[in-house]
Amino acid sequence: MAIEHADVLRAAHLARVGLSEDEATGYVDDLSRILKMVDQLQAVDTQDITPLAHPLDATQRLRPDEVTEHSQRERFQACAPAVTDGLYLVPRVVE
Amino acid sequence: MHDKTLTELAAGLQAGEFSSRELCQAALERIEHLDGELNSFITVTAEQALANADAADRAREAGDAGPLAGLPLALKDIFCTQGVRTSCGSKMLDDFVSPYDATVVEKLRQAGTINLGKTNMDEFAMGSSNENSFYGPVKNPWDLSAVPGGSSGGSAAAVAAGLVPAALGTDTGGSIRQPAAFCGITGLKPTYGRVSRYGMVAYASSLDQGGPMARTAADCALLLETIAGHDVRDSTSVARVVPDYSAELDTSLAGLKIGLPKEYFGDGLDPEVETAVREAIKVYESLGAKVCEVSLPHTHLAIPAYYVIAPAEASSNLSRYDGVRFGHRCEDPTDLEDLYKRTRAEGFGEEVKRRILIGTHTLSEGFFDAYYLKAQQVRRLIRQDFLDAFDEVDVLMGPTAPTPAFDLGAQKDPVSMYLQDIYTIAVNLAGIPGISVPAGFAGNRPVGLQVLAPHFAEAQLLGVAHQFQQATDWHLKRPAFGKEMA
């Protein structure tokens, strides 16, 4: 399956990676070659094969529903770009 | 001192031949004089290291030091270190000072080892040459015009050049084993789940695994028994006893059944690499092992499956870099979408963006079944190949990489770079352990022998590598670079 200019822009928007029209053009060729290589998968019959999500077929560990973390807000916010009163600052979303 | 193994240095510290301060000081001097050329470190933590070395020396005097106390190490800059920048080779995390330690970092500190700094790497561990680092490429100490391999290229080059006796790396598709091969050192990727991933910056969570890179298999055993084990903070780490790997190194090879996957000796394999690997296998035969050919019929699908699964997981994992909670943030965003888009456009390099775009595309509506589910089905077939092979043989052997280290700047096309990982990538998809062991040279550049074993058979893997190192001296060869310095 080839990838087109519009697909690259769509993926960039979904991934929230800023990409100009020209930059997207640069990726079309690279990504198409990668997908062409990936397309070898389509030649294999995988009917009735269960997808493998974890190499040891393990499932998520469960634990008792108890509090195990305490608040470390100040410590974790020390590396944030902008905080005030314990809140992360972003551009205004609601006018 | 810089020629010595971790095991020899531990004995020297124990016998009082030198102090940890002297050892760390000597290593820091080598880093200062030689690393300008190599660029294997992103951050050197000299002051902190010397303070910790003094503490280790005092503990030893008080009779309170473990066997690894006072030994200098380096960490790939993917492991979170409290109070020390953890950049992951990216502009995105250029000013990120971690508020906590990774589990392996904590374990190494408890064992008394001294962290000398954080090593260079391909950005977010995406690469096979270390040329994708925001901090510039690393050079191979065997030949400064060659790459050290990647993504743990800084760790490999630092060990090979004798800047540190050992380092930690991570391996998602070959990122410990391939640079170990290119730099002539020993590197082990443990079984998925053997070593905690907590505090290890995530690239592809179902494939990532941290492990040791050192001069010998015995040194890797020492480090693995220190860092392995269950961790409640990593739900994929496995609750299983950690064997005494060092104690099991001397198991005899008599009767060992070695399988040579015929797919690992086909087209594209450099003839000098093949010769070195076949010579190594003859050594095993002389030590009593039996060799036969086996087949891993889905090998050709490993790279295609990986380049769906790994970018898909990466596109999800890397969505956390949003310019809000930590890491880079663009200047003067006009709105939230602008903040996200410009932050990520500025913070990520080319290869990272490429993989985020591929991953986002293959996971998006209309493509998920054809790509992601299909790749996961093929992943099961690839794992089954190994399980079937291990019904017949104890270990598998072949080259770690199809060629020796290539020249800096030589691989310009992303797909041809991806093909470098042809012998290593299936191992991560299957979750089994693998080790690369020095096995000779192609010209002036090292060749690695890869040995693979069933899930959780690291003890056997290390023993098989150690026995080879008792019979050969490839692991003792040192590059001319930096030789004149004490």
# chains A, B, ... in the order shown; residues from 1 in each chain; ligands from 1

call {"tool": "select_by_dssp", "arguments": {"residues": "stretch 9-90 of chain A", "states": "alpha helix (DSSP H)", "output": "mmCIF file with C-alpha atoms, in the first residue's frame"}}
result
data_model
loop_
_atom_site.group_PDB
_atom_site.id
_atom_site.type_symbol
_atom_site.label_atom_id
_atom_site.label_comp_id
_atom_site.auth_asym_id
_atom_site.auth_seq_id
_atom_site.Cartn_x
_atom_site.Cartn_y
_atom_site.Cartn_z
ATOM 1 C CA LEU A 9 -0.331 15.213 6.468
ATOM 2 C CA ARG A 10 -3.141 13.248 8.131
ATOM 3 C CA ALA A 11 -0.694 11.147 10.175
ATOM 4 C CA ALA A 12 1.257 14.282 11.127
ATOM 5 C CA HIS A 13 -1.941 15.940 12.323
ATOM 6 C CA LEU A 14 -3.031 12.853 14.296
ATOM 7 C CA GLU A 21 3.414 20.911 2.828
ATOM 8 C CA ASP A 22 7.004 20.808 1.589
ATOM 9 C CA GLU A 23 8.279 18.770 4.518
ATOM 10 C CA ALA A 24 5.435 16.296 3.972
ATOM 11 C CA THR A 25 6.582 15.876 0.366
ATOM 12 C CA GLY A 26 10.000 14.858 1.696
ATOM 13 C CA TYR A 27 8.467 12.105 3.824
ATOM 14 C CA VAL A 28 6.262 10.598 1.083
ATOM 15 C CA ASP A 29 9.184 8.865 -0.585
ATOM 16 C CA ASP A 30 10.805 7.550 2.633
ATOM 17 C CA LEU A 31 7.568 6.321 4.135
ATOM 18 C CA SER A 32 6.509 4.695 0.866
ATOM 19 C CA ARG A 33 9.734 2.723 0.746
ATOM 20 C CA ILE A 34 9.276 1.616 4.349
ATOM 21 C CA LEU A 35 5.689 0.529 3.665
ATOM 22 C CA LYS A 36 6.769 -1.284 0.510
ATOM 23 C CA MET A 37 9.230 -3.285 2.619
ATOM 24 C CA VAL A 38 6.501 -3.895 5.216
ATOM 25 C CA ARG A 73 3.470 17.097 42.831
ATOM 26 C CA GLU A 74 6.180 19.632 43.595
ATOM 27 C CA ARG A 75 8.954 17.229 42.773
ATOM 28 C CA PHE A 76 7.382 16.196 39.490
ATOM 29 C CA GLN A 77 6.474 19.728 38.502
#

call {"tool": "residues_around", "arguments": {"residues": "stretch 299-312 of chain B", "least_positions_apart": "4", "cutoff": "8 Å", "atoms": "only C-alpha atoms", "output": "MDAnalysis selection string"}}
result
(chainID A and resid 34 37:41) or (chainID B and resid 173 203:204 207 263 316 355:356 358:360 362:363 371:372 375:376 378:379 382 418:419 421:422 425:426 429)

call {"tool": "write_last_selection", "arguments": {"atoms": "N, CA and C atoms", "output": "short mmCIF file (atom, residue, chain, number, x, y, z; two decimals), in the first residue's frame"}}
result
data_model
loop_
_atom_site.label_atom_id
_atom_site.label_comp_id
_atom_site.auth_asym_id
_atom_site.auth_seq_id
_atom_site.Cartn_x
_atom_site.Cartn_y
_atom_site.Cartn_z
N ILE A 34 9.42 2.43 3.13
CA ILE A 34 9.28 1.62 4.35
C ILE A 34 8.03 0.73 4.23
N MET A 37 8.50 -2.21 1.94
CA MET A 37 9.23 -3.28 2.62
C MET A 37 8.28 -4.05 3.56
N VAL A 38 7.45 -3.29 4.27
CA VAL A 38 6.50 -3.89 5.22
C VAL A 38 5.47 -4.77 4.48
N ASP A 39 5.17 -4.42 3.25
CA ASP A 39 4.13 -5.14 2.51
C ASP A 39 4.45 -6.61 2.26
N GLN A 40 5.72 -7.00 2.50
CA GLN A 40 6.04 -8.44 2.41
C GLN A 40 5.16 -9.26 3.35
N LEU A 41 4.67 -8.63 4.40
CA LEU A 41 3.82 -9.34 5.36
C LEU A 41 2.54 -9.86 4.69
N GLY B 173 15.87 -3.87 19.01
CA GLY B 173 15.95 -4.64 17.77
C GLY B 173 17.39 -5.06 17.47
N TYR B 203 10.68 3.13 24.18
CA TYR B 203 10.61 3.26 22.73
C TYR B 203 9.50 2.30 22.25
N ALA B 204 9.73 1.00 22.28
CA ALA B 204 8.70 0.02 21.92
C ALA B 204 8.58 -0.95 23.08
N LEU B 207 9.17 -4.75 23.27
CA LEU B 207 10.46 -5.23 22.73
C LEU B 207 11.66 -4.76 23.56
N GLU B 263 19.24 -19.39 7.36
CA GLU B 263 18.86 -18.04 6.90
C GLU B 263 19.86 -16.98 7.37
N SER B 316 2.73 5.74 20.10
CA SER B 316 1.93 5.86 21.32
C SER B 316 2.80 6.33 22.49
N ARG B 355 9.39 7.54 12.29
CA ARG B 355 8.77 6.38 12.94
C ARG B 355 7.44 6.75 13.58
N ILE B 356 7.33 7.96 14.10
CA ILE B 356 6.03 8.38 14.64
C ILE B 356 4.99 8.42 13.51
N ILE B 358 5.02 6.75 10.59
CA ILE B 358 4.69 5.38 10.15
C ILE B 358 3.76 4.71 11.17
N GLY B 359 4.11 4.83 12.43
CA GLY B 359 3.31 4.20 13.49
C GLY B 359 1.91 4.76 13.55
N THR B 360 1.79 6.06 13.42
CA THR B 360 0.46 6.69 13.47
C THR B 360 -0.35 6.26 12.25
N THR B 362 -0.03 3.45 10.41
CA THR B 362 -0.44 2.03 10.42
C THR B 362 -1.48 1.75 11.50
N LEU B 363 -1.56 2.58 12.52
CA LEU B 363 -2.57 2.38 13.56
C LEU B 363 -3.87 3.10 13.23
N TYR B 371 -2.03 -3.83 8.82
CA TYR B 371 -0.65 -3.67 9.28
C TYR B 371 -0.43 -4.24 10.68
N TYR B 372 -1.08 -3.65 11.66
CA TYR B 372 -0.72 -3.96 13.05
C TYR B 372 -1.11 -5.40 13.43
N ALA B 375 1.03 -7.86 11.55
CA ALA B 375 2.40 -7.93 12.08
C ALA B 375 2.44 -8.74 13.38
N GLN B 376 1.41 -8.61 14.19
CA GLN B 376 1.37 -9.38 15.45
C GLN B 376 1.17 -10.86 15.18
N VAL B 378 2.29 -12.37 12.44
CA VAL B 378 3.60 -12.82 11.94
C VAL B 378 4.59 -12.93 13.10
N ARG B 379 4.43 -12.05 14.09
CA ARG B 379 5.30 -12.12 15.26
C ARG B 379 5.18 -13.48 15.94
N ILE B 382 7.16 -15.98 13.97
CA ILE B 382 8.60 -15.79 14.18
C ILE B 382 9.02 -16.41 15.51
N TYR B 418 17.82 -0.06 8.10
CA TYR B 418 17.01 -1.03 8.87
C TYR B 418 17.49 -2.46 8.63
N LEU B 419 17.97 -2.73 7.42
CA LEU B 419 18.37 -4.10 7.08
C LEU B 419 19.62 -4.54 7.84
N ASP B 421 19.84 -4.79 10.84
CA ASP B 421 19.42 -5.52 12.04
C ASP B 421 18.81 -6.87 11.71
N ILE B 422 19.11 -7.37 10.53
CA ILE B 422 18.45 -8.58 10.03
C ILE B 422 18.61 -9.80 10.95
N ILE B 425 16.89 -8.60 15.02
CA ILE B 425 15.55 -8.06 15.29
C ILE B 425 14.53 -9.13 15.67
N ALA B 426 14.63 -10.33 15.06
CA ALA B 426 13.66 -11.39 15.35
C ALA B 426 13.73 -11.82 16.81
N LEU B 429 11.45 -9.77 18.81
CA LEU B 429 10.05 -10.13 18.55
C LEU B 429 9.70 -11.40 19.31
#

call {"tool": "residues_around", "arguments": {"residues": "stretch 134-136 of chain B", "least_positions_apart": "6", "cutoff": "9 Å", "atoms": "only C-alpha atoms", "output": "PyMOL selection string"}}
result
chain B and resi 39+42+89-91+94+120-123+348-349

call {"tool": "closest_atom_pairs", "arguments": {"of": "chain B", "to": "chain A", "cutoff": "8 Å", "atoms": "only C-alpha atoms", "output": "Markdown table"}}
result
| residue | atom | partner | partner_atom | distance |
| --- | --- | --- | --- | --- |
| B:Phe96 | CA | A:Cys79 | CA | 6.6 |
| B:Val97 | CA | A:Cys79 | CA | 6.7 |
| B:Ser98 | CA | A:Cys79 | CA | 7.7 |
| B:Pro99 | CA | A:Phe76 | CA | 6.3 |
| B:Tyr192 | CA | A:Pro55 | CA | 7.2 |
| B:Ser206 | CA | A:His54 | CA | 6.1 |
| B:Ser235 | CA | A:Arg61 | CA | 5.9 |
| B:Thr236 | CA | A:Gln60 | CA | 7.5 |
| B:Leu301 | CA | A:Leu41 | CA | 6.5 |
| B:Ile303 | CA | A:Val38 | CA | 7.8 |
| B:Pro304 | CA | A:Val38 | CA | 4.2 |
| B:Ala305 | CA | A:Val38 | CA | 6.8 |
| B:Tyr307 | CA | A:Val38 | CA | 6.9 |
| B:Val308 | CA | A:Val38 | CA | 7.2 |
| B:Ser315 | CA | A:Ala15 | CA | 7.4 |
| B:Ser319 | CA | A:Ala15 | CA | 7.3 |
| B:Gly323 | CA | A:Pro81 | CA | 7.2 |
| B:Val324 | CA | A:Pro81 | CA | 6.5 |
| B:Arg325 | CA | A:Ala80 | CA | 4.7 |
| B:Phe326 | CA | A:Ala80 | CA | 4.3 |
| B:Gly327 | CA | A:Ala80 | CA | 7.1 |
| B:His328 | CA | A:Pro81 | CA | 7.5 |
| B:Arg329 | CA | A:Pro81 | CA | 6.7 |
| B:Pro333 | CA | A:Pro91 | CA | 6.9 |
| B:Thr334 | CA | A:Pro91 | CA | 6.9 |
| B:Asp335 | CA | A:Pro91 | CA | 5.2 |
| B:Leu336 | CA | A:Pro91 | CA | 5.6 |
| B:Glu337 | CA | A:Arg16 | CA | 7.4 |
| B:Leu339 | CA | A:Pro91 | CA | 7.8 |
| B:Tyr340 | CA | A:Arg16 | CA | 5.9 |
| B:Lys341 | CA | A:Gly18 | CA | 4.4 |
| B:Arg342 | CA | A:Gly18 | CA | 5.5 |
| B:Arg344 | CA | A:Val17 | CA | 5.4 |
| B:Ala345 | CA | A:Gly18 | CA | 5.1 |
| B:Lys353 | CA | A:Val17 | CA | 7.8 |
| B:Arg354 | CA | A:Leu31 | CA | 7.2 |
| B:Ile356 | CA | A:Ala15 | CA | 7.2 |
| B:Leu357 | CA | A:Ala11 | CA | 5.7 |
| B:Ile358 | CA | A:Leu31 | CA | 6.7 |
| B:Thr360 | CA | A:Ala11 | CA | 5.7 |
| B:His361 | CA | A:Ala11 | CA | 5.4 |
| B:Ser364 | CA | A:Ala11 | CA | 7.9 |
| B:Ala370 | CA | A:Gln42 | CA | 7.8 |
| B:Leu373 | CA | A:Pro51 | CA | 6.2 |
| B:Lys374 | CA | A:Leu41 | CA | 7.1 |
| B:Ala375 | CA | A:Leu41 | CA | 7.0 |
| B:Gln376 | CA | A:Pro51 | CA | 4.5 |
| B:Gln377 | CA | A:Pro51 | CA | 4.1 |
| B:Val378 | CA | A:Thr46 | CA | 7.1 |
| B:Arg379 | CA | A:Leu52 | CA | 6.1 |
| B:Arg380 | CA | A:Leu52 | CA | 5.3 |
| B:Arg383 | CA | A:Pro55 | CA | 7.7 |
| B:Pro414 | CA | A:Asp30 | CA | 7.3 |
| B:Val415 | CA | A:Ile34 | CA | 6.2 |
| B:Leu429 | CA | A:Pro55 | CA | 6.7 |
| B:Ala430 | CA | A:Pro55 | CA | 5.6 |
| B:Gly431 | CA | A:Pro55 | CA | 5.1 |

call {"tool": "atom_distance", "arguments": {"atom1": "atom CA of B:Ala218", "atom2": "atom CA of B:Val451"}}
result
15.1 Å

call {"tool": "closest_residue", "arguments": {"among": "B:Met397, B:Leu108, B:Ile258, B:Val352", "to": "B:Met126", "atoms": "only C-alpha atoms"}}
result
B:Val352

call {"tool": "residues_around", "arguments": {"residues": "stretch 148-157 of chain B", "least_positions_apart": "2", "cutoff": "6 Å", "atoms": "only C-alpha atoms", "output": "list in words"}}
result
Ser40, Thr119, Asn120, Met121, Asp122, Ala125, Gly127, Ser128, Ser129, Asn130, Lys139, Asn140, Val159, Ala160, Ala161, Ala167, Gly169, Ser175, Ile176, Pro179, Ala180, Phe182 and Cys183 of chain B

call {"tool": "write_last_selection", "arguments": {"atoms": "C-alpha atoms", "output": "PDB file, in the first residue's frame"}}
result
ATOM      1  CA  SER B  40      30.687   8.633  23.545  1.00  0.00           C
ATOM      2  CA  THR B 119      26.439   7.721  27.159  1.00  0.00           C
ATOM      3  CA  ASN B 120      25.493   8.883  23.693  1.00  0.00           C
ATOM      4  CA  MET B 121      22.828   7.080  21.705  1.00  0.00           C
ATOM      5  CA  ASP B 122      20.539   7.326  18.710  1.00  0.00           C
ATOM      6  CA  ALA B 125      17.057   4.477  20.706  1.00  0.00           C
ATOM      7  CA  GLY B 127      18.945   3.840  14.899  1.00  0.00           C
ATOM      8  CA  SER B 128      21.713   1.397  14.116  1.00  0.00           C
ATOM      9  CA  SER B 129      24.684   3.764  13.790  1.00  0.00           C
ATOM     10  CA  ASN B 130      24.426   6.381  16.556  1.00  0.00           C
ATOM     11  CA  LYS B 139      33.143   7.335  16.452  1.00  0.00           C
ATOM     12  CA  ASN B 140      34.273   3.733  16.545  1.00  0.00           C
ATOM     13  CA  VAL B 159      33.889   0.292  26.806  1.00  0.00           C
ATOM     14  CA  ALA B 160      35.931  -0.509  23.676  1.00  0.00           C
ATOM     15  CA  ALA B 161      38.131   2.562  24.187  1.00  0.00           C
ATOM     16  CA  ALA B 167      28.180   0.068  30.669  1.00  0.00           C
ATOM     17  CA  GLY B 169      22.647  -0.410  27.099  1.00  0.00           C
ATOM     18  CA  SER B 175      20.798  -2.027  20.017  1.00  0.00           C
ATOM     19  CA  ILE B 176      23.071  -3.803  22.523  1.00  0.00           C
ATOM     20  CA  PRO B 179      27.189  -2.022  18.669  1.00  0.00           C
ATOM     21  CA  ALA B 180      28.892  -4.668  20.836  1.00  0.00           C
ATOM     22  CA  PHE B 182      30.949  -3.342  15.840  1.00  0.00           C
ATOM     23  CA  CYS B 183      33.141  -2.302  18.786  1.00  0.00           C
TER      24      CYS B 183
END

call {"tool": "select_by_dssp", "arguments": {"residues": "stretch 145-289 of chain B", "states": "strand (DSSP E)", "output": "ChimeraX atom specification"}}
result
/B:166-171,186-189,209-214,257-261

call {"tool": "atom_distance", "arguments": {"atom1": "atom CA of B:Glu22", "atom2": "atom CA of B:Pro72"}}
result
10.6 Å

call {"tool": "residues_around", "arguments": {"residues": "stretch 247-256 of chain B", "least_positions_apart": "5", "cutoff": "8 Å", "atoms": "only C-alpha atoms", "output": "ChimeraX atom specification"}}
result
/B:218,284,287-290,394,459-460,462-464,466-467

call {"tool": "residues_around", "arguments": {"residues": "B:Asp473", "least_positions_apart": "2", "cutoff": "12 Å", "atoms": "only C-alpha atoms", "output": "ChimeraX atom specification"}}
result
/B:184-185,215-216,280,283,437-440,466-471,475-478

call {"tool": "atom_distance", "arguments": {"atom1": "atom CA of B:Phe406", "atom2": "atom CA of B:Trp474"}}
result
20.0 Å

call {"tool": "closest_residue", "arguments": {"among": "B:Ala74, B:Leu144, B:Leu13, B:Val242", "to": "B:His230", "atoms": "only C-alpha atoms"}}
result
B:Val242
